[in-house]
Every structure is written in C-alpha cells, then in structure tokens.
Protein chains: 2
Amino acid sequence: MRVGFLQYSPVFGDKKGNLERVEEMLSGEKNALIVLPELCFTGYVFKDREELDTLAEEAVGPTVEYLTPIVKDNNLFLVFGMAERVGERLYNSSCLLSPEGEIKIYRKAHLFNKEKSFFTPGDTGFPVFDVTIGSNQVKVGLLVCFDWIFPEPWRILALKGAQIIAHSTNLVLPYCQDAMITRAIENRVFIITTNRMGEEREVTFTGRSQVVRPDGKILIRVGEESQGVWTVECDPLEAQNKMVTERNDIFQDRRKDLYRIEVK
Amino acid sequence: MRVGFLQYSPVFGDKKGNLERVEEMLSGEKNALIVLPELCFTGYVFKDREELDTLAEEAVGPTVEYLTPIVKDNNLFLVFGMAERVGERLYNSSCLLSPEGEIKIYRKAHLFNKEKSFFTPGDTGFPVFDVTIGSNQVKVGLLVCFDWIFPEPWRILALKGAQIIAHSTNLVLPYCQDAMITRAIENRVFIITTNRMGEEREVTFTGRSQVVRPDGKILIRVGEESQGVWTVECDPLEAQNKMVTERNDIFQDRRKDLYRIEVK
C-alpha cells in the first residue's frame with residue numbers, strides 16, 4: 001500500500017489559507033495514507049492560551065469539514081495534528097480522517113515545554129485504528145512529536161498490533177529522526193515521522209520528514225527545507241514479522257518475568 | 001571520574017593467553033571503570049554446548065583470581081563478560097570486579113540466536129551496583145549485547161538510579177551503536193558499549209566501541225579494527241539530571257497512568 005507524508009510550512013493563524021495550500025499540495029494523490037505535521041493548520045508558537053483558544057476547534061469542526069470531500073474523492077486516509085477543544089480543555093491532538101469522513105483521535109500524552117501552559121495532557125491512551133486501502137488492511141497508531149523520547153507509547157502500540165505508527169511533529173531539535181530508526185527496529189514497525197519546516201516567530205523547524213521500515217531502513221527522508229508530498233509503497237505484513245534472527249522473535253523474547261519495575 | 005573500554009580480539013579458547021593480553025593492555029590504567037567485551041576470555045563462537053562447558057567456570061574461579069591483583073594494585077573496576085557455570089546451568093554473564101576483589105553478577109536476560117542452545121536465560125533481573133572511585137560514587141548497571149534491542153532493561157536500570165550502563169558486546173550487526181544514542185537520550189544515562197573486534201570461526205565482529213553521554217553526545221567511538229584501551233572523564237551527576245527542557249523531566253513526564261499494557 002501507498003504511505004507517505006506532506007512536509008510544508010503553515011502560516012501562523014491562517015487556518016483557511018493553510019487548508020487551501022494543503023489541498024493544492026495533495027492534488028493528484030489517491031489511495032494512500034498521508035501524514036501531516038503536528039498542529040499543521042493553526043501553527044505552533046502560541047503567545048498564550050488565549051491565542052490558542054481562538055484557533056482551537058472541536059474534532060468535528062470546520063477543518064474536518066473542509067478535508068472530508070478531499071479524502072472522499074481521492075480515497076485518502078489523512079493524519080494531521082490539530083488544536084482540539086473539548087469543553088474547556090484544549091488538547092494537542094492527532095486525527096485520522098478516513099475516506100468515509102470518519103474521525104479517530106489520539107491526544108498527545110507527553111507535552112513539550114510551554115505546551116504545558118496551554119494544553120491538557122492527553123487522556124486517550126494509545127489506541128490502534130484499522131485502515132483499509134484497496135485490498136490492504138493495516139493497523140495504525142498515532143503519536144505526536146515529543147512522544148518520541150519515551151519508549152513506552154511505541155512499545156504499547158506495537159504490542160497492540162500497530163503496523164504503522166503515524167508520527168506528526170513540529171521538531172526543533174535534531175535527535176528525533178535518527179532515534180526513530182531505533183524505535184522501528186525495537187518494535188519492528190513502520191514509522192512515518194512528518195515534521196514541518198520553516199520559521200515561525202523565531203522558532204525554526206527542522207524538516208527531514210521520513211518513512212522508516214521495520215528493519216530500520218529509511219525508505220524516504222527529505223531535506224530540512226523541502227516542501228511537498230512524498231509517498232512510497234510498503235507492505236504492512238512486514239511489521240507482523242518480529243523475527244530478527246531465526247531464533248529471535250523480539251516480542252516472544254521479552255522477559256516479562258523480569259520487567260518488574262514497570263508494574264509499580 | 002575516568003571511564004572507558006578495552007576493545008580487542010580474544011583468541012578462541014585461550015583463556016590464559018587472553019588474560020595475559022588484557023593484563024598487558026591494561027598496564028598503566030588506574031582509578032577507572034573499564035568495560036571489556038562479552039565473553040572476552042573464552043571467545044564466542046562455540047561449536048556446541050560441550051565446548052562451552054569446558055570453557056565455563058564459576059564466578060569465583062581462575063579468571064577472577066587472575067584479575068584480582070590487577071584491579072587491587074590499580075584501583076580499577078573491571079566489567080567483563082564470562083561464561084558462568086552455576087551447577088548444571090551455564091549463563092552468559094557480565095561481572096563487575098571491584099578493587100577489593102568483590103564480584104557482582106548480571107546474567108544476560110535476552111539470549112541471541114544460537115546462544116539459546118548453550119546458555120540458560122538470565123535470572124538476576126537488572127541489578128544496580130554501587131561503585132566508588134576516589135571521591136566519586138556512581139551507580140552502575142550491567143547489560144550484555146542483544147539486550148540492546150529491548151528498551152525495557154535500560155529503562156528499568158535508569159529508573160532504579162543507574163547513572164552508567166556498562167554494556168559488554170560481541171556485535172556482528174551495525175545497528176546497535178547508533179541505537180545506544182537513543183537509549184542514552186531516552187534515559188539520560190551514560191552508556192559504555194564495548195564490542196570485540198576481529199574474526200572468529202568466520203564470524204566478523206564490528207568493533208566501534210563507544211562511550212555516550214546522557215544527552216546523546218558520543219564521547220569516544222573507535223574504529224572497527226582498533227585495539228586498545230580508551231578512557232574519558234565523565235561526571236556521573238549529569239545522569240541525575242533528567243530535564244530535557246526547563247519544563248520536561250523525562251522521568252516525571254512518564255504517563256504511568258496510560259502505560260497499561262505493561263502491567264499484563
């Protein structure tokens with residue numbers, strides 16, 4: 001099946017314009033799972049919670065409304081970050097929008113730095129969603145940016161059967177992309193890390209979006225300043241195979257009998 | 001404090017000769033923690049369990065006897081892999097030998113490939129040991145080779161307070177060294193990965209022993225075919241600091257409330 005990412009530079013606060021830019025970039029893409037960056041329509045560097053509040057919306061809101069005919073007409077699964085309002089709370093969420101317009105949500109569990117002043121830590125746990133594209137059925141987990149530094153959410157998603165982890169980011173540091181090779185190897189899953197690029201209120205984002213295979217091979221990695229959509233063929237069944245040698249199934253080999261501190 | 005590694009190519013089966021070579025390589029080293037490779041006196045590529053059995057010994061045996069005056073005279077803590085016999089069982093163990101000749105043991109939890117035919121999986125869990133060199137007190141965890149691919153033992157050692165993880169290896173694949181940068185970052189610990197080099201019964205080992213800092217910086221990494229002892233100054237207190245931004249303590253930020261699958 002076809003999977004990939006859209007790397008670009010949203011304009012802060014211009015939700016309508018960003019949606020139009022993304023629509024244009026997606027034109028011609030069909031029958032694929034495409035991952036967009038974290039908070040990819042609002043921008044990221046909020047002055048305060050109030051400013052974020054004016055840009056946040058409910059999951060079923062104008063952004064999803066705008067995107068629904070696009071995914072419907074082109075048989076696309078889109079993953080994108082959004083500032084989600086739930087009552088009084090604001091979450092840094094990742095949405096999986098199906099071609100039927102159905103929306104699934106993951107709310108960022110590990111907030112980064114000043115996000116703690118604006119957002120509520122996620123309450124969804126780490127769900128795995130079913131995606132069907134043509135004859136391909138695949139289980140997809142969602143994570144957001146700083147979740148990368150914690151091995152636990154990746155492990156949990158993989159143990160729950162995720163074959164592809166869609167990782168929407170707004171990275172400013174250079175460590176994550178290489179670390180995702182380790183995450184792919186240790187869990188034998190595909191990882192799509194989509195970063196934004198460009199500058200916003202004097203913060204520079206580092207691009208280098210990528211797709212990594214369960215054996216740690218980089219299928220695509222683009223530059224720091226590249227803009228566009230890139231996709232690649234992948235076989236989700238490769239993520240079912242947890243063997244790293246003929247005697248080592250890395251899930252069977254886990255010494256749950258010794259992993260005691262985790263139960264505390 | 002001074003920490004480092006000894007990278008070399010043991011001669012298969014020649015325990016006495018290998019001990020002499022290591023003694024010579026260590027001459028001049030004082031007041032340091034030095035990590036040697038996995039199974040660094042016996043060799044690694046055993047034909048069968050019987051051959052391993054003839055080379056294995058109890059933890060308090062001729063190898064430790066030989067090394068004790070060396071560590072005593074030079075105030076060294078040595079970590080080294082050994083084929084350990086306990087009754088009928090054989091373990092792929094890592095030993096920490098103190099200048100007082102006291103020995104602490106970790107038995108490899110995750111056996112690699114054919115090791116499963118020879119060794120019993122480790123039963124020690126993941127202990128953390130206290131090491132005092134001069135005025136420096138440091139908590140040290142031990143892991144062996146293929147343990148690298150599992151995030152759990154590293155996490156457990158770090159949560160138990162390990163500041164340095166001494167990782168003795170016989171690596172044949174190229175992934176581990178870079179993955180240890182991720183392990184260092186995600187746990188904010190020092191990692192000393194000591195690999196052997198050279199060829200044994202048509203298996204080639206990949207060297208590139210290294211010391212990585214809690215922020216992922218490589219303090220030393222040597223070549224695939226380098227032989228020698230390398231040490232570097234490190235401040236174990238750096239591993240106490242789990243802050244990656246002014247708002248993110250990566251241990252406090254762990255969402256234990258959501259890490260549910262681990263409890264199963």
# chains A, B, ... in the order shown; residues from 1 in each chain; ligands from 1
$ select_by_dssp --residues "segment 13-233 of chain B" --states "alpha helix (DSSP H)" --output "PyMOL selection string"
chain B and resi 15-26+49-55+62-74+115-118+151-159+176-187
$ interface_residues --of "chain B" --to "chain A" --cutoff "10 Å" --atoms "only C-alpha atoms" --output "JSON, numbers by chain"
{"B": [109, 110, 111, 112, 113, 114, 115, 116, 117, 121, 122, 123, 124, 125, 126, 147, 148, 149, 150, 151, 152, 153, 155, 156, 157, 159, 160, 175, 176, 178, 179, 180, 181, 182, 183, 185, 186, 187, 215, 216, 244, 245, 246, 247, 248, 249, 250, 251, 253, 254, 255, 256, 257, 258, 259, 260, 261, 262, 263, 264]}
$ closest_residue --among "B:Ser93, B:Ser226, B:Asn195, B:Asn31" --to "Val131 of chain B" --atoms "only C-alpha atoms"
B:Asn31
$ residues_around --residues "segment 103-106 of chain A" --least-positions-apart "3" --cutoff "10 Å" --atoms "only C-alpha atoms" --output "tab-separated table (two decimals) with C-alpha atoms, in the first residue's frame"
chain	number	residue	atom	x	y	z
A	59	ALA	CA	-12.73	17.47	16.31
A	60	VAL	CA	-15.83	17.59	14.17
A	64	VAL	CA	-12.57	18.17	9.16
A	68	THR	CA	-13.81	15.46	4.09
A	77	PHE	CA	-6.54	8.45	4.88
A	78	LEU	CA	-5.16	11.68	6.30
A	79	VAL	CA	-3.40	12.02	9.65
A	80	PHE	CA	-3.00	15.61	10.86
A	81	GLY	CA	-2.33	17.45	14.07
A	82	MET	CA	-4.95	19.83	15.39
A	84	GLU	CA	-8.74	20.22	19.71
A	91	TYR	CA	-5.63	19.07	23.51
A	92	ASN	CA	-2.69	18.76	21.14
A	93	SER	CA	-4.37	16.03	19.11
A	94	SER	CA	-3.69	13.88	16.11
A	95	CYS	CA	-6.65	12.98	13.88
A	96	LEU	CA	-7.04	10.11	11.47
A	97	LEU	CA	-9.65	11.01	8.86
A	98	SER	CA	-10.97	8.14	6.72
A	99	PRO	CA	-12.31	8.40	3.16
A	100	GLU	CA	-15.77	7.98	4.68
A	109	ALA	CA	0.25	12.24	26.12
A	122	GLY	CA	-3.86	13.55	26.56
A	123	ASP	CA	-6.43	11.18	28.02
A	124	THR	CA	-6.93	8.73	25.15
A	125	GLY	CA	-4.14	6.31	25.95
A	126	PHE	CA	-2.60	4.80	22.83
A	127	PRO	CA	-5.34	3.46	20.57
A	128	VAL	CA	-4.77	1.44	17.39
A	129	PHE	CA	-7.06	2.06	14.41
A	141	GLY	CA	-1.20	4.02	15.79
A	142	LEU	CA	-0.85	7.78	16.19
A	143	LEU	CA	1.77	9.67	18.20
A	144	VAL	CA	2.74	13.32	18.34
$ atom_distance --atom1 "atom CA of Trp230 of chain A" --atom2 "atom CA of Val11 of chain A"
20.9 Å
$ atom_distance --atom1 "atom CA of Arg85 of chain B" --atom2 "atom CA of Lys108 of chain B"
13.2 Å
$ residues_around --residues "Met25 of chain B" --least-positions-apart "6" --cutoff "9 Å" --atoms "only C-alpha atoms" --output "PyMOL selection string"
chain B and resi 6+228-229
$ atom_distance --atom1 "atom CA of Glu23 of chain A" --atom2 "atom CA of Ala56 of chain A"
20.0 Å
$ decode --residues "segment 53-66 of chain A" --atoms "all heavy atoms" --output "compact mmCIF listing (two decimals), in the first residue's frame"
# COMPACT_ATOMS: atom_id res chain seq x y z
N ASP A 53 -6.70 29.36 22.16
CA ASP A 53 -8.14 29.14 22.32
C ASP A 53 -8.92 29.64 21.10
O ASP A 53 -9.88 29.01 20.66
CB ASP A 53 -8.62 29.82 23.60
CG ASP A 53 -9.97 29.31 24.05
OD1 ASP A 53 -10.20 28.07 23.95
OD2 ASP A 53 -10.81 30.12 24.45
N THR A 54 -8.48 30.78 20.55
CA THR A 54 -9.20 31.32 19.39
C THR A 54 -8.99 30.45 18.14
O THR A 54 -9.78 30.53 17.20
CB THR A 54 -8.74 32.75 19.05
OG1 THR A 54 -7.35 32.70 18.68
CG2 THR A 54 -8.88 33.68 20.24
N LEU A 55 -7.91 29.65 18.13
CA LEU A 55 -7.61 28.83 16.94
C LEU A 55 -8.09 27.39 17.07
O LEU A 55 -8.20 26.67 16.08
CB LEU A 55 -6.09 28.86 16.68
CG LEU A 55 -5.55 30.21 16.20
CD1 LEU A 55 -4.03 30.25 16.30
CD2 LEU A 55 -6.00 30.50 14.77
N ALA A 56 -8.34 26.96 18.32
CA ALA A 56 -8.76 25.56 18.54
C ALA A 56 -10.18 25.35 18.06
O ALA A 56 -10.96 26.29 17.93
CB ALA A 56 -8.64 25.23 20.02
N GLU A 57 -10.50 24.10 17.77
CA GLU A 57 -11.88 23.76 17.37
C GLU A 57 -12.18 22.34 17.82
O GLU A 57 -11.28 21.57 18.16
CB GLU A 57 -12.05 23.89 15.86
CG GLU A 57 -11.13 22.98 15.06
CD GLU A 57 -11.26 23.21 13.54
OE1 GLU A 57 -12.15 22.61 12.95
OE2 GLU A 57 -10.45 23.99 12.99
N GLU A 58 -13.47 22.00 17.80
CA GLU A 58 -13.83 20.62 18.12
C GLU A 58 -13.44 19.70 16.98
O GLU A 58 -13.32 20.14 15.83
CB GLU A 58 -15.33 20.55 18.41
CG GLU A 58 -15.64 21.24 19.73
CD GLU A 58 -17.12 21.31 20.05
OE1 GLU A 58 -17.91 20.64 19.35
OE2 GLU A 58 -17.47 22.03 21.00
N ALA A 59 -13.22 18.42 17.32
CA ALA A 59 -12.73 17.47 16.31
C ALA A 59 -13.64 17.49 15.09
O ALA A 59 -13.15 17.52 13.94
CB ALA A 59 -12.63 16.08 16.90
N VAL A 60 -14.94 17.44 15.32
CA VAL A 60 -15.83 17.59 14.17
C VAL A 60 -16.15 19.07 14.04
O VAL A 60 -16.98 19.62 14.76
CB VAL A 60 -17.12 16.76 14.36
CG1 VAL A 60 -18.04 16.94 13.16
CG2 VAL A 60 -16.76 15.29 14.55
N GLY A 61 -15.40 19.71 13.16
CA GLY A 61 -15.49 21.16 13.03
C GLY A 61 -15.08 21.55 11.63
O GLY A 61 -14.99 20.70 10.73
N PRO A 62 -14.80 22.83 11.42
CA PRO A 62 -14.53 23.34 10.06
C PRO A 62 -13.34 22.66 9.36
O PRO A 62 -13.38 22.49 8.13
CB PRO A 62 -14.25 24.83 10.28
CG PRO A 62 -14.29 25.08 11.76
CD PRO A 62 -14.87 23.90 12.43
N THR A 63 -12.29 22.27 10.12
CA THR A 63 -11.12 21.65 9.47
C THR A 63 -11.51 20.31 8.87
O THR A 63 -11.24 20.03 7.69
CB THR A 63 -9.97 21.48 10.49
OG1 THR A 63 -9.53 22.79 10.88
CG2 THR A 63 -8.81 20.71 9.91
N VAL A 64 -12.16 19.48 9.66
CA VAL A 64 -12.57 18.17 9.16
C VAL A 64 -13.61 18.34 8.05
O VAL A 64 -13.59 17.61 7.04
CB VAL A 64 -13.11 17.30 10.32
CG1 VAL A 64 -13.90 16.10 9.79
CG2 VAL A 64 -11.95 16.83 11.20
N GLU A 65 -14.47 19.31 8.18
CA GLU A 65 -15.47 19.58 7.14
C GLU A 65 -14.80 19.90 5.81
O GLU A 65 -15.20 19.43 4.76
CB GLU A 65 -16.31 20.79 7.57
CG GLU A 65 -17.81 20.57 7.54
CD GLU A 65 -18.49 21.69 8.29
OE1 GLU A 65 -18.64 22.80 7.72
OE2 GLU A 65 -18.85 21.48 9.48
N TYR A 66 -13.74 20.74 5.90
CA TYR A 66 -13.02 21.14 4.69
C TYR A 66 -12.32 19.93 4.05
O TYR A 66 -12.30 19.77 2.82
CB TYR A 66 -11.97 22.20 5.03
CG TYR A 66 -11.32 22.84 3.82
CD1 TYR A 66 -11.79 24.05 3.32
CD2 TYR A 66 -10.26 22.21 3.17
CE1 TYR A 66 -11.21 24.63 2.20
CE2 TYR A 66 -9.68 22.78 2.05
CZ TYR A 66 -10.15 23.99 1.56
OH TYR A 66 -9.58 24.56 0.45
